[in-house]
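Below is coords-v8.pdb, which holds PDB, C-alpha atoms.
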MODEL        1
ATOM      1  CA  MET A   1     -13.517  23.253  -1.227
ATOM      2  CA  GLY A   2     -13.398  23.959  -4.980
ATOM      3  CA  GLY A   3      -9.617  23.777  -5.219
ATOM      4  CA  PHE A   4      -9.414  20.616  -3.141
ATOM      5  CA  LEU A   5     -12.096  18.851  -5.187
ATOM      6  CA  THR A   6     -10.462  19.906  -8.455
ATOM      7  CA  LEU A   7      -7.039  18.610  -7.402
ATOM      8  CA  CYS A   8      -8.585  15.398  -6.117
ATOM      9  CA  GLN A   9     -10.459  14.903  -9.383
ATOM     10  CA  LYS A  10      -7.282  15.573 -11.352
ATOM     11  CA  GLU A  11      -5.394  12.903  -9.378
ATOM     12  CA  LEU A  12      -8.214  10.376  -9.774
ATOM     13  CA  LEU A  13      -8.458  10.960 -13.524
ATOM     14  CA  ARG A  14      -4.688  10.711 -13.801
ATOM     15  CA  PHE A  15      -4.636   6.990 -13.027
ATOM     16  CA  TRP A  16      -8.126   6.208 -14.306
ATOM     17  CA  LYS A  17      -7.304   7.389 -17.837
ATOM     18  CA  VAL A  18      -4.580   4.722 -18.040
ATOM     19  CA  SER A  19      -6.401   2.074 -16.010
ATOM     20  CA  PHE A  20      -5.033  -0.743 -18.167
ATOM     21  CA  GLN A  21      -1.582   0.107 -16.812
ATOM     22  CA  THR A  22      -2.452   1.309 -13.318
ATOM     23  CA  LEU A  23      -5.242  -1.139 -12.383
ATOM     24  CA  LEU A  24      -5.329  -4.179 -14.652
ATOM     25  CA  ALA A  25      -1.576  -4.774 -14.915
ATOM     26  CA  PRO A  26      -1.045  -5.067 -11.121
ATOM     27  CA  VAL A  27      -3.980  -7.481 -10.883
ATOM     28  CA  LEU A  28      -2.440  -9.652 -13.604
ATOM     29  CA  SER A  29       0.960  -9.609 -11.875
ATOM     30  CA  ALA A  30      -0.588 -10.721  -8.572
ATOM     31  CA  LEU A  31      -2.497 -13.487 -10.361
ATOM     32  CA  LEU A  32       0.762 -14.783 -11.849
ATOM     33  CA  TYR A  33       2.337 -14.808  -8.366
ATOM     34  CA  LEU A  34      -0.635 -16.808  -7.110
ATOM     35  CA  LEU A  35      -0.578 -19.327  -9.950
ATOM     36  CA  ILE A  36       3.156 -19.956  -9.642
ATOM     37  CA  PHE A  37       3.517 -20.053  -5.854
ATOM     38  CA  SER A  38       0.285 -21.890  -5.103
ATOM     39  CA  HIS A  39       0.941 -24.500  -7.795
ATOM     40  CA  VAL A  40       4.465 -25.168  -6.552
ATOM     41  CA  LEU A  41       3.929 -24.951  -2.794
ATOM     42  CA  GLU A  42       0.272 -25.831  -2.164
ATOM     43  CA  SER A  43       1.004 -29.499  -1.402
ATOM     44  CA  HIS A  44       4.253 -28.772   0.463
ATOM     45  CA  VAL A  45       3.426 -25.852   2.766
ATOM     46  CA  GLN A  46       0.819 -25.576   5.507
ATOM     47  CA  VAL A  47       1.126 -22.281   7.328
ATOM     48  CA  TYR A  48      -1.859 -22.502   9.683
ATOM     49  CA  PRO A  49      -3.686 -25.738  10.636
ATOM     50  CA  GLY A  50      -6.592 -26.427   8.306
ATOM     51  CA  ILE A  51      -5.792 -23.507   5.971
ATOM     52  CA  GLY A  52      -4.414 -24.142   2.491
ATOM     53  CA  TYR A  53      -1.470 -22.188   1.172
ATOM     54  CA  ALA A  54      -3.546 -20.499  -1.541
ATOM     55  CA  ALA A  55      -6.013 -19.204   1.063
ATOM     56  CA  PHE A  56      -3.068 -17.894   3.090
ATOM     57  CA  LEU A  57      -1.422 -16.305   0.068
ATOM     58  CA  ILE A  58      -4.370 -14.454  -1.496
ATOM     59  CA  PRO A  59      -4.894 -11.805   1.258
ATOM     60  CA  GLY A  60      -1.169 -11.107   1.331
ATOM     61  CA  LEU A  61      -0.983 -10.642  -2.436
ATOM     62  CA  ALA A  62      -4.066  -8.405  -2.435
ATOM     63  CA  MET A  63      -2.633  -6.168   0.272
ATOM     64  CA  MET A  64       0.863  -6.092  -1.228
ATOM     65  CA  SER A  65      -0.578  -4.984  -4.570
ATOM     66  CA  ALA A  66      -2.706  -2.323  -2.865
ATOM     67  CA  LEU A  67       0.290  -0.970  -0.938
ATOM     68  CA  GLN A  68       2.639  -0.806  -3.911
ATOM     69  CA  ASN A  69       0.077   0.946  -6.088
ATOM     70  CA  ALA A  70      -0.912   3.440  -3.387
ATOM     71  CA  PHE A  71       2.754   4.401  -3.117
ATOM     72  CA  ALA A  72       3.218   4.555  -6.881
ATOM     73  CA  ASN A  73       0.231   6.842  -7.397
ATOM     74  CA  SER A  74       1.247   9.758  -5.190
ATOM     75  CA  SER A  75       5.001   9.453  -5.725
ATOM     76  CA  SER A  76       4.828   9.298  -9.530
ATOM     77  CA  SER A  77       2.373  12.193  -9.688
ATOM     78  CA  LEU A  78       4.612  14.507  -7.683
ATOM     79  CA  ILE A  79       7.864  13.605  -9.429
ATOM     80  CA  GLN A  80       6.269  14.003 -12.865
ATOM     81  CA  SER A  81       4.887  17.392 -11.855
ATOM     82  CA  LYS A  82       8.328  18.428 -10.634
ATOM     83  CA  ILE A  83      10.143  17.351 -13.780
ATOM     84  CA  THR A  84       7.588  18.752 -16.245
ATOM     85  CA  GLY A  85       7.345  21.987 -14.271
ATOM     86  CA  ASN A  86       3.565  21.971 -13.770
ATOM     87  CA  LEU A  87       3.807  21.612  -9.990
ATOM     88  CA  VAL A  88       3.561  25.398  -9.865
ATOM     89  CA  TYR A  89      -0.111  25.130 -10.825
ATOM     90  CA  VAL A  90      -0.726  23.155  -7.625
ATOM     91  CA  LEU A  91       1.298  25.513  -5.416
ATOM     92  CA  LEU A  92       0.027  28.864  -6.729
ATOM     93  CA  PRO A  93      -3.719  28.439  -5.976
ATOM     94  CA  PRO A  94      -4.821  29.171  -2.387
ATOM     95  CA  LEU A  95      -4.734  25.536  -1.327
ATOM     96  CA  SER A  96      -3.751  24.729   2.236
ATOM     97  CA  PRO A  97      -1.191  21.994   2.969
ATOM     98  CA  THR A  98      -4.030  19.913   4.411
ATOM     99  CA  GLU A  99      -6.044  20.153   1.187
ATOM    100  CA  ILE A 100      -3.038  19.198  -0.945
ATOM    101  CA  PHE A 101      -2.244  16.301   1.370
ATOM    102  CA  TRP A 102      -5.747  14.861   1.344
ATOM    103  CA  ALA A 103      -6.196  15.287  -2.410
ATOM    104  CA  TYR A 104      -3.094  13.228  -3.159
ATOM    105  CA  LEU A 105      -3.832  10.765  -0.366
ATOM    106  CA  LEU A 106      -7.443  10.078  -1.360
ATOM    107  CA  ALA A 107      -6.402   9.377  -4.946
ATOM    108  CA  SER A 108      -3.735   6.956  -3.668
ATOM    109  CA  LEU A 109      -6.313   5.318  -1.409
ATOM    110  CA  ALA A 110      -8.697   4.916  -4.321
ATOM    111  CA  ARG A 111      -6.092   3.264  -6.539
ATOM    112  CA  GLY A 112      -4.795   1.021  -3.760
ATOM    113  CA  VAL A 113      -8.264  -0.138  -2.741
ATOM    114  CA  MET A 114      -9.320  -0.751  -6.346
ATOM    115  CA  VAL A 115      -6.232  -2.835  -7.083
ATOM    116  CA  GLY A 116      -6.582  -4.781  -3.822
ATOM    117  CA  LEU A 117     -10.234  -5.567  -4.491
ATOM    118  CA  GLY A 118      -9.400  -6.509  -8.075
ATOM    119  CA  VAL A 119      -6.750  -8.984  -6.939
ATOM    120  CA  PHE A 120      -9.138 -10.485  -4.404
ATOM    121  CA  LEU A 121     -11.977 -10.897  -6.912
ATOM    122  CA  VAL A 122      -9.746 -12.501  -9.516
ATOM    123  CA  ALA A 123      -7.992 -14.796  -7.025
ATOM    124  CA  ALA A 124     -11.019 -15.751  -4.889
ATOM    125  CA  PRO A 125     -11.996 -18.775  -7.049
ATOM    126  CA  PHE A 126      -8.635 -20.389  -6.271
ATOM    127  CA  ALA A 127      -9.375 -20.816  -2.545
ATOM    128  CA  ASP A 128     -12.196 -20.898  -0.011
ATOM    129  CA  LEU A 129     -12.121 -17.555   1.815
ATOM    130  CA  ALA A 130     -14.929 -16.955   4.298
ATOM    131  CA  LEU A 131     -14.033 -13.361   5.359
ATOM    132  CA  PRO A 132     -15.289 -13.727   8.962
ATOM    133  CA  HIS A 133     -14.094 -10.243   9.989
ATOM    134  CA  PRO A 134     -14.734  -7.889   7.039
ATOM    135  CA  PHE A 135     -14.402  -4.686   9.070
ATOM    136  CA  TRP A 136     -10.936  -5.678  10.254
ATOM    137  CA  ALA A 137      -9.912  -6.311   6.652
ATOM    138  CA  LEU A 138     -11.363  -2.973   5.516
ATOM    139  CA  ALA A 139      -9.651  -1.049   8.325
ATOM    140  CA  PHE A 140      -6.231  -2.458   7.476
ATOM    141  CA  LEU A 141      -6.798  -1.973   3.741
ATOM    142  CA  LEU A 142      -7.576   1.721   4.239
ATOM    143  CA  LEU A 143      -4.861   2.384   6.820
ATOM    144  CA  GLY A 144      -2.254   0.397   4.918
ATOM    145  CA  SER A 145      -2.992   2.164   1.645
ATOM    146  CA  GLY A 146      -2.955   5.446   3.570
ATOM    147  CA  ILE A 147       0.514   4.738   4.967
ATOM    148  CA  LEU A 148       2.007   3.897   1.574
ATOM    149  CA  GLY A 149       0.169   6.764  -0.096
ATOM    150  CA  THR A 150       1.673   9.110   2.504
ATOM    151  CA  LEU A 151       5.117   7.594   1.979
ATOM    152  CA  GLY A 152       4.604   8.208  -1.722
ATOM    153  CA  ILE A 153       3.991  11.901  -1.062
ATOM    154  CA  ILE A 154       7.140  12.056   1.073
ATOM    155  CA  ALA A 155       9.164  10.287  -1.634
ATOM    156  CA  GLY A 156       7.771  12.572  -4.328
ATOM    157  CA  ILE A 157       8.660  15.653  -2.296
ATOM    158  CA  TRP A 158      12.164  14.392  -1.514
ATOM    159  CA  ALA A 159      13.140  13.074  -4.951
ATOM    160  CA  ASP A 160      14.362  15.393  -7.681
ATOM    161  CA  LYS A 161      14.832  12.735 -10.370
ATOM    162  CA  PHE A 162      13.230   9.466 -11.370
ATOM    163  CA  ASP A 163      16.282   7.472 -10.314
ATOM    164  CA  GLN A 164      16.054   8.877  -6.783
ATOM    165  CA  LEU A 165      12.419   7.820  -6.621
ATOM    166  CA  ALA A 166      13.355   4.391  -7.997
ATOM    167  CA  ALA A 167      16.006   4.048  -5.286
ATOM    168  CA  PHE A 168      13.443   4.936  -2.611
ATOM    169  CA  GLN A 169      11.112   2.269  -3.966
ATOM    170  CA  ASN A 170      13.719  -0.442  -4.580
ATOM    171  CA  PHE A 171      15.654  -0.059  -1.336
ATOM    172  CA  LEU A 172      12.806   0.747   1.065
ATOM    173  CA  ILE A 173       9.325  -0.048  -0.239
ATOM    174  CA  MET A 174      10.095  -3.337  -2.006
ATOM    175  CA  PRO A 175      12.020  -4.908   0.924
ATOM    176  CA  LEU A 176       9.367  -3.788   3.418
ATOM    177  CA  THR A 177       6.545  -5.346   1.373
ATOM    178  CA  PHE A 178       8.263  -8.564   0.267
ATOM    179  CA  LEU A 179       9.695  -9.264   3.738
ATOM    180  CA  SER A 180       6.421  -8.638   5.562
ATOM    181  CA  GLY A 181       5.007 -12.161   5.552
ATOM    182  CA  VAL A 182       3.173 -12.052   2.245
ATOM    183  CA  PHE A 183       4.498 -15.465   1.198
ATOM    184  CA  TYR A 184       5.183 -16.975   4.611
ATOM    185  CA  SER A 185       4.309 -16.800   8.291
ATOM    186  CA  ILE A 186       6.977 -15.327  10.520
ATOM    187  CA  ARG A 187       6.408 -18.309  12.815
ATOM    188  CA  SER A 188       8.469 -20.324  10.346
ATOM    189  CA  LEU A 189      11.474 -17.998  10.716
ATOM    190  CA  PRO A 190      14.384 -18.392  13.158
ATOM    191  CA  PRO A 191      14.013 -16.361  16.376
ATOM    192  CA  PHE A 192      16.320 -13.551  15.207
ATOM    193  CA  TRP A 193      14.373 -12.955  11.999
ATOM    194  CA  GLN A 194      11.067 -13.232  13.831
ATOM    195  CA  GLY A 195      12.139 -10.440  16.145
ATOM    196  CA  LEU A 196      13.406  -8.337  13.262
ATOM    197  CA  SER A 197      10.092  -8.750  11.411
ATOM    198  CA  HIS A 198       8.297  -7.046  14.303
ATOM    199  CA  PHE A 199      10.106  -3.811  13.409
ATOM    200  CA  ASN A 200       8.571  -3.853   9.929
ATOM    201  CA  PRO A 201       5.303  -1.870   9.985
ATOM    202  CA  VAL A 202       4.132  -3.514   6.757
ATOM    203  CA  PHE A 203       4.145  -6.861   8.577
ATOM    204  CA  TYR A 204       1.390  -5.585  10.874
ATOM    205  CA  ILE A 205      -0.627  -4.372   7.865
ATOM    206  CA  ILE A 206      -0.401  -7.755   6.135
ATOM    207  CA  ASP A 207      -1.019  -9.750   9.300
ATOM    208  CA  GLY A 208      -4.005  -7.665  10.374
ATOM    209  CA  PHE A 209      -5.534  -7.765   6.889
ATOM    210  CA  ARG A 210      -5.089 -11.530   6.729
ATOM    211  CA  TYR A 211      -6.856 -11.849  10.095
ATOM    212  CA  GLY A 212     -10.016 -10.491   8.484
ATOM    213  CA  PHE A 213      -9.998 -13.423   6.048
ATOM    214  CA  LEU A 214      -8.660 -16.293   8.146
ATOM    215  CA  ALA A 215      -9.557 -15.304  11.739
ATOM    216  CA  THR A 216      -5.989 -16.164  12.728
ATOM    217  CA  SER A 217      -2.783 -14.143  12.777
ATOM    218  CA  ASP A 218       0.800 -14.089  13.996
ATOM    219  CA  VAL A 219       0.190 -11.217  16.429
ATOM    220  CA  PRO A 220      -3.028  -9.942  18.082
ATOM    221  CA  PRO A 221      -5.026  -7.814  15.620
ATOM    222  CA  LEU A 222      -5.478  -5.013  18.157
ATOM    223  CA  LEU A 223      -1.695  -4.686  18.431
ATOM    224  CA  SER A 224      -1.428  -4.575  14.637
ATOM    225  CA  LEU A 225      -4.151  -1.930  14.445
ATOM    226  CA  ALA A 226      -2.420   0.235  17.055
ATOM    227  CA  VAL A 227       0.942   0.032  15.261
ATOM    228  CA  VAL A 228      -0.571   0.747  11.843
ATOM    229  CA  ALA A 229      -2.691   3.667  13.088
ATOM    230  CA  GLY A 230       0.296   5.135  14.920
ATOM    231  CA  CYS A 231       2.480   4.910  11.806
ATOM    232  CA  PHE A 232      -0.203   6.552   9.678
ATOM    233  CA  LEU A 233      -0.587   9.416  12.149
ATOM    234  CA  ALA A 234       3.178  10.000  12.437
ATOM    235  CA  LEU A 235       3.745   9.939   8.667
ATOM    236  CA  SER A 236       0.748  12.219   8.072
ATOM    237  CA  LEU A 237       2.093  14.807  10.507
ATOM    238  CA  LEU A 238       5.521  14.640   8.872
ATOM    239  CA  THR A 239       4.002  15.074   5.405
ATOM    240  CA  LEU A 240       1.901  18.040   6.493
ATOM    241  CA  TRP A 241       4.997  19.665   7.967
ATOM    242  CA  LEU A 242       6.918  19.140   4.690
ATOM    243  CA  LEU A 243       4.077  20.673   2.700
ATOM    244  CA  LYS A 244       3.728  23.591   5.112
ATOM    245  CA  THR A 245       7.436  24.426   5.007
ATOM    246  CA  GLY A 246       7.606  23.949   1.224
ATOM    247  CA  TYR A 247      10.581  21.582   1.493
ATOM    248  CA  LYS A 248      11.934  20.986  -2.045
ATOM    249  CA  LEU A 249       8.695  22.371  -3.470
ATOM    250  CA  ARG A 250       8.920  26.178  -3.317
ATOM    251  CA  SER A 251      12.628  26.617  -3.977
TER     252      SER A 251
ENDMDL
END

For the structure just supplied, provide its representation as structure tokens.
Amino acid sequence: MGGFLTLCQKELLRFWKVSFQTLLAPVLSALLYLLIFSHVLESHVQVYPGIGYAAFLIPGLAMMSALQNAFANSSSSLIQSKITGNLVYVLLPPLSPTEIFWAYLLASLARGVMVGLGVFLVAAPFADLALPHPFWALAFLLLGSGILGTLGIIAGIWADKFDQLAAFQNFLIMPLTFLSGVFYSIRSLPPFWQGLSHFNPVFYIIDGFRYGFLATSDVPPLLSLAVVAGCFLALSLLTLWLLKTGYKLRS
């Protein structure tokens, strides 16, 4: 386990050494979203009966920040290692694909969870959040961060340049997260867009996480948990296969 622990420690230190950029900056960005949207829409929007817009918005912002940072951690690490040429020091040691996968994934999980908790702690004074189902919230936080961390590994393996990674993030990750119900309930959408939202796996992450705070959701939480767990399993198997075959890594 020495190699696995060393790689995991390296990935943790990588974002911790620049925590002002990797942890504090995303929390500040989410706080600005909250201040602007809640101030403008609080008196005009009621998503669920008896629940203020700020209380609805905070879980979505916390999860969105966690997801984006989990993706950024693994994807940026791999693409930087590729471009600087030090990826060879990860591939040469006798590390199995499983060890490499979990080292990168656990670091992404750590960053995503830390950012999500930071957003929640900073934003909590702006609304009354009871958190009636904490284990539901924790399950979706871990699985959601795991999905985006795994997607980050896939993107880092696939991309050869920073602009390719930026395209992956701008044309896939950003639309999936912003159109997942962070700022609205899909119940307010026309029928066509409601149906289309059900094909977005990030919607189930956001909706299930929000259920832990509000005890209400757009779809049953068990359905959301099944979809999210299935996506995590499928993406993990794909990532392990890419690492095992050395796709774009050993050539």

Closest of A:Ile157, A:Val202, A:Leu233, A:Ala54 to Pro175 of chain A - atom-to-atom distances counting only C-alpha atoms: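 Nearest candidate to Pro175 of chain A out of A:Ile157, A:Val202, A:Leu233, A:Ala54: A:Val202.
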
Going by the chain IDs and residue numbers used in this file, which residues fall under the PyMOL selection byres ((chain A and resi 137-140) around 9)? Write them as a PDB file with C-alpha atoms, in the coordinates of the input.
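The resulting file, expr.pdb, is reproduced below:
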ATOM      1  CA  MET A  63      -2.633  -6.168   0.272  1.00  0.00           C
ATOM      2  CA  LEU A 131     -14.033 -13.361   5.359  1.00  0.00           C
ATOM      3  CA  HIS A 133     -14.094 -10.243   9.989  1.00  0.00           C
ATOM      4  CA  PRO A 134     -14.734  -7.889   7.039  1.00  0.00           C
ATOM      5  CA  PHE A 135     -14.402  -4.686   9.070  1.00  0.00           C
ATOM      6  CA  TRP A 136     -10.936  -5.678  10.254  1.00  0.00           C
ATOM      7  CA  LEU A 141      -6.798  -1.973   3.741  1.00  0.00           C
ATOM      8  CA  LEU A 142      -7.576   1.721   4.239  1.00  0.00           C
ATOM      9  CA  LEU A 143      -4.861   2.384   6.820  1.00  0.00           C
ATOM     10  CA  GLY A 144      -2.254   0.397   4.918  1.00  0.00           C
ATOM     11  CA  SER A 145      -2.992   2.164   1.645  1.00  0.00           C
ATOM     12  CA  TYR A 204       1.390  -5.585  10.874  1.00  0.00           C
ATOM     13  CA  ILE A 205      -0.627  -4.372   7.865  1.00  0.00           C
ATOM     14  CA  ILE A 206      -0.401  -7.755   6.135  1.00  0.00           C
ATOM     15  CA  GLY A 208      -4.005  -7.665  10.374  1.00  0.00           C
ATOM     16  CA  PHE A 209      -5.534  -7.765   6.889  1.00  0.00           C
ATOM     17  CA  ARG A 210      -5.089 -11.530   6.729  1.00  0.00           C
ATOM     18  CA  TYR A 211      -6.856 -11.849  10.095  1.00  0.00           C
ATOM     19  CA  GLY A 212     -10.016 -10.491   8.484  1.00  0.00           C
ATOM     20  CA  PHE A 213      -9.998 -13.423   6.048  1.00  0.00           C
ATOM     21  CA  SER A 224      -1.428  -4.575  14.637  1.00  0.00           C
ATOM     22  CA  LEU A 225      -4.151  -1.930  14.445  1.00  0.00           C
ATOM     23  CA  VAL A 228      -0.571   0.747  11.843  1.00  0.00           C
TER      24      VAL A 228
END

Residues returned when the PyMOL selection byres ((chain A and resi 181) around 9) runs on this file, as a list in words: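 Listing what the PyMOL selection byres ((chain A and resi 181) around 9) selects in the shown file: Gly60, Thr177, Phe178, Leu179, Ser180, Val182, Phe183, Tyr184, Ser185, Ile186, Ser197, Val202, Phe203, Ile206 and Asp207 of chain A.
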
Chain and number of each residue from the PyMOL selection byres ((chain A and resi 159-166) around 8), as a PyMOL selection string: chain A and resi 75+79+82-83+155-158+167-170

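Taking atom CA of Ser108 of chain A as the reference point, atom CA of Lys248 of chain A is found at 21.1 Å.
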
Could you work out an axis-aligned box for segment 91-105 of chain A, taking every atom the file lists and adding 8 Å on each side, and report centre and edge lengths in Å to one decimal, as JSON?
{"center_x": -2.4, "center_y": 20.0, "center_z": -1.2, "size_x": 23.5, "size_y": 34.4, "size_z": 27.1}

d(atom CA of Ala103 of chain A, atom CA of Tyr89 of chain A) in Å: 14.3 Å

Contact residues around Leu121 of chain A with all atoms listed in the file at 12 Å, ignoring same-chain residues under 4 positions, as a list in words: Val27, Leu28, Ala30, Leu31, Ile58, Pro59, Leu61, Ala62, Met114, Val115, Gly116, Leu117, Pro125, Phe126, Ala127 and Leu129 of chain A

Near Trp241 of chain A, within 10 Å and counting all atoms listed in the file, which residues show up once chain neighbours fewer than 6 positions away are dropped, as a PDB file with C-alpha atoms, keeping the file's coordinate frame?
ATOM      1  CA  PRO A  97      -1.191  21.994   2.969  1.00  0.00           C
ATOM      2  CA  THR A  98      -4.030  19.913   4.411  1.00  0.00           C
ATOM      3  CA  LEU A 235       3.745   9.939   8.667  1.00  0.00           C
ATOM      4  CA  TYR A 247      10.581  21.582   1.493  1.00  0.00           C
TER       5      TYR A 247
END

Distance in Å - atom CA of Leu105 of chain A versus atom CA of Leu24 of chain A: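 Separation between atom CA of Leu105 of chain A and atom CA of Leu24 of chain A: 20.7 Å.
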
Which residue of A:Leu222, A:Phe101, A:Ser65, A:Gly52 approaches Phe120 of chain A most closely, using all atoms listed in the file: A:Ser65

Given all atoms listed in the file as the counted atoms, nearest of A:Phe56, A:Phe37, A:Phe232, A:Phe15 to Thr150 of chain A: A:Phe232

Got a minute to add N, CA and C atoms to segment 56-83 of chain A and dump it as a PDB file, in the coordinates of the input?
ATOM      1  N   PHE A  56      -3.990 -18.741   2.331  1.00  0.00           N
ATOM      2  CA  PHE A  56      -3.068 -17.894   3.090  1.00  0.00           C
ATOM      3  C   PHE A  56      -2.459 -16.828   2.192  1.00  0.00           C
ATOM      4  N   LEU A  57      -2.160 -17.185   0.958  1.00  0.00           N
ATOM      5  CA  LEU A  57      -1.422 -16.305   0.068  1.00  0.00           C
ATOM      6  C   LEU A  57      -2.272 -15.172  -0.492  1.00  0.00           C
ATOM      7  N   ILE A  58      -3.534 -15.432  -0.798  1.00  0.00           N
ATOM      8  CA  ILE A  58      -4.370 -14.454  -1.496  1.00  0.00           C
ATOM      9  C   ILE A  58      -4.498 -13.125  -0.740  1.00  0.00           C
ATOM     10  N   PRO A  59      -4.824 -13.111   0.563  1.00  0.00           N
ATOM     11  CA  PRO A  59      -4.894 -11.805   1.258  1.00  0.00           C
ATOM     12  C   PRO A  59      -3.579 -11.050   1.232  1.00  0.00           C
ATOM     13  N   GLY A  60      -2.460 -11.762   1.365  1.00  0.00           N
ATOM     14  CA  GLY A  60      -1.169 -11.107   1.331  1.00  0.00           C
ATOM     15  C   GLY A  60      -0.880 -10.478  -0.017  1.00  0.00           C
ATOM     16  N   LEU A  61      -1.196 -11.191  -1.094  1.00  0.00           N
ATOM     17  CA  LEU A  61      -0.983 -10.642  -2.436  1.00  0.00           C
ATOM     18  C   LEU A  61      -1.881  -9.437  -2.690  1.00  0.00           C
ATOM     19  N   ALA A  62      -3.144  -9.523  -2.243  1.00  0.00           N
ATOM     20  CA  ALA A  62      -4.066  -8.405  -2.435  1.00  0.00           C
ATOM     21  C   ALA A  62      -3.572  -7.158  -1.716  1.00  0.00           C
ATOM     22  N   MET A  63      -3.118  -7.324  -0.480  1.00  0.00           N
ATOM     23  CA  MET A  63      -2.633  -6.168   0.272  1.00  0.00           C
ATOM     24  C   MET A  63      -1.321  -5.651  -0.288  1.00  0.00           C
ATOM     25  N   MET A  64      -0.408  -6.540  -0.663  1.00  0.00           N
ATOM     26  CA  MET A  64       0.863  -6.092  -1.228  1.00  0.00           C
ATOM     27  C   MET A  64       0.633  -5.269  -2.495  1.00  0.00           C
ATOM     28  N   SER A  65      -0.276  -5.722  -3.345  1.00  0.00           N
ATOM     29  CA  SER A  65      -0.578  -4.984  -4.570  1.00  0.00           C
ATOM     30  C   SER A  65      -1.188  -3.623  -4.249  1.00  0.00           C
ATOM     31  N   ALA A  66      -2.095  -3.594  -3.265  1.00  0.00           N
ATOM     32  CA  ALA A  66      -2.706  -2.323  -2.865  1.00  0.00           C
ATOM     33  C   ALA A  66      -1.657  -1.354  -2.345  1.00  0.00           C
ATOM     34  N   LEU A  67      -0.732  -1.831  -1.520  1.00  0.00           N
ATOM     35  CA  LEU A  67       0.290  -0.970  -0.938  1.00  0.00           C
ATOM     36  C   LEU A  67       1.217  -0.403  -2.007  1.00  0.00           C
ATOM     37  N   GLN A  68       1.698  -1.261  -2.894  1.00  0.00           N
ATOM     38  CA  GLN A  68       2.639  -0.806  -3.911  1.00  0.00           C
ATOM     39  C   GLN A  68       2.000   0.207  -4.850  1.00  0.00           C
ATOM     40  N   ASN A  69       0.733   0.022  -5.169  1.00  0.00           N
ATOM     41  CA  ASN A  69       0.077   0.946  -6.088  1.00  0.00           C
ATOM     42  C   ASN A  69      -0.328   2.246  -5.404  1.00  0.00           C
ATOM     43  N   ALA A  70      -0.649   2.199  -4.118  1.00  0.00           N
ATOM     44  CA  ALA A  70      -0.912   3.440  -3.387  1.00  0.00           C
ATOM     45  C   ALA A  70       0.348   4.296  -3.345  1.00  0.00           C
ATOM     46  N   PHE A  71       1.494   3.666  -3.112  1.00  0.00           N
ATOM     47  CA  PHE A  71       2.754   4.401  -3.117  1.00  0.00           C
ATOM     48  C   PHE A  71       3.054   4.954  -4.500  1.00  0.00           C
ATOM     49  N   ALA A  72       2.878   4.129  -5.521  1.00  0.00           N
ATOM     50  CA  ALA A  72       3.218   4.555  -6.881  1.00  0.00           C
ATOM     51  C   ALA A  72       2.369   5.725  -7.333  1.00  0.00           C
ATOM     52  N   ASN A  73       1.116   5.798  -6.896  1.00  0.00           N
ATOM     53  CA  ASN A  73       0.231   6.842  -7.397  1.00  0.00           C
ATOM     54  C   ASN A  73       0.683   8.233  -6.962  1.00  0.00           C
ATOM     55  N   SER A  74       0.878   8.425  -5.675  1.00  0.00           N
ATOM     56  CA  SER A  74       1.247   9.758  -5.190  1.00  0.00           C
ATOM     57  C   SER A  74       2.685  10.119  -5.542  1.00  0.00           C
ATOM     58  N   SER A  75       3.596   9.151  -5.455  1.00  0.00           N
ATOM     59  CA  SER A  75       5.001   9.453  -5.725  1.00  0.00           C
ATOM     60  C   SER A  75       5.221   9.798  -7.195  1.00  0.00           C
ATOM     61  N   SER A  76       4.625   9.027  -8.104  1.00  0.00           N
ATOM     62  CA  SER A  76       4.828   9.298  -9.530  1.00  0.00           C
ATOM     63  C   SER A  76       4.179  10.614  -9.942  1.00  0.00           C
ATOM     64  N   SER A  77       3.040  10.941  -9.346  1.00  0.00           N
ATOM     65  CA  SER A  77       2.373  12.193  -9.688  1.00  0.00           C
ATOM     66  C   SER A  77       3.244  13.389  -9.321  1.00  0.00           C
ATOM     67  N   LEU A  78       3.802  13.376  -8.131  1.00  0.00           N
ATOM     68  CA  LEU A  78       4.612  14.507  -7.683  1.00  0.00           C
ATOM     69  C   LEU A  78       5.914  14.632  -8.471  1.00  0.00           C
ATOM     70  N   ILE A  79       6.591  13.511  -8.722  1.00  0.00           N
ATOM     71  CA  ILE A  79       7.864  13.605  -9.429  1.00  0.00           C
ATOM     72  C   ILE A  79       7.646  14.018 -10.874  1.00  0.00           C
ATOM     73  N   GLN A  80       6.565  13.574 -11.501  1.00  0.00           N
ATOM     74  CA  GLN A  80       6.269  14.003 -12.865  1.00  0.00           C
ATOM     75  C   GLN A  80       5.938  15.490 -12.903  1.00  0.00           C
ATOM     76  N   SER A  81       5.202  15.967 -11.909  1.00  0.00           N
ATOM     77  CA  SER A  81       4.887  17.392 -11.855  1.00  0.00           C
ATOM     78  C   SER A  81       6.140  18.229 -11.646  1.00  0.00           C
ATOM     79  N   LYS A  82       7.069  17.719 -10.838  1.00  0.00           N
ATOM     80  CA  LYS A  82       8.328  18.428 -10.634  1.00  0.00           C
ATOM     81  C   LYS A  82       9.127  18.526 -11.927  1.00  0.00           C
ATOM     82  N   ILE A  83       9.268  17.401 -12.612  1.00  0.00           N
ATOM     83  CA  ILE A  83      10.143  17.351 -13.780  1.00  0.00           C
ATOM     84  C   ILE A  83       9.544  18.126 -14.956  1.00  0.00           C
TER      85      ILE A  83
END
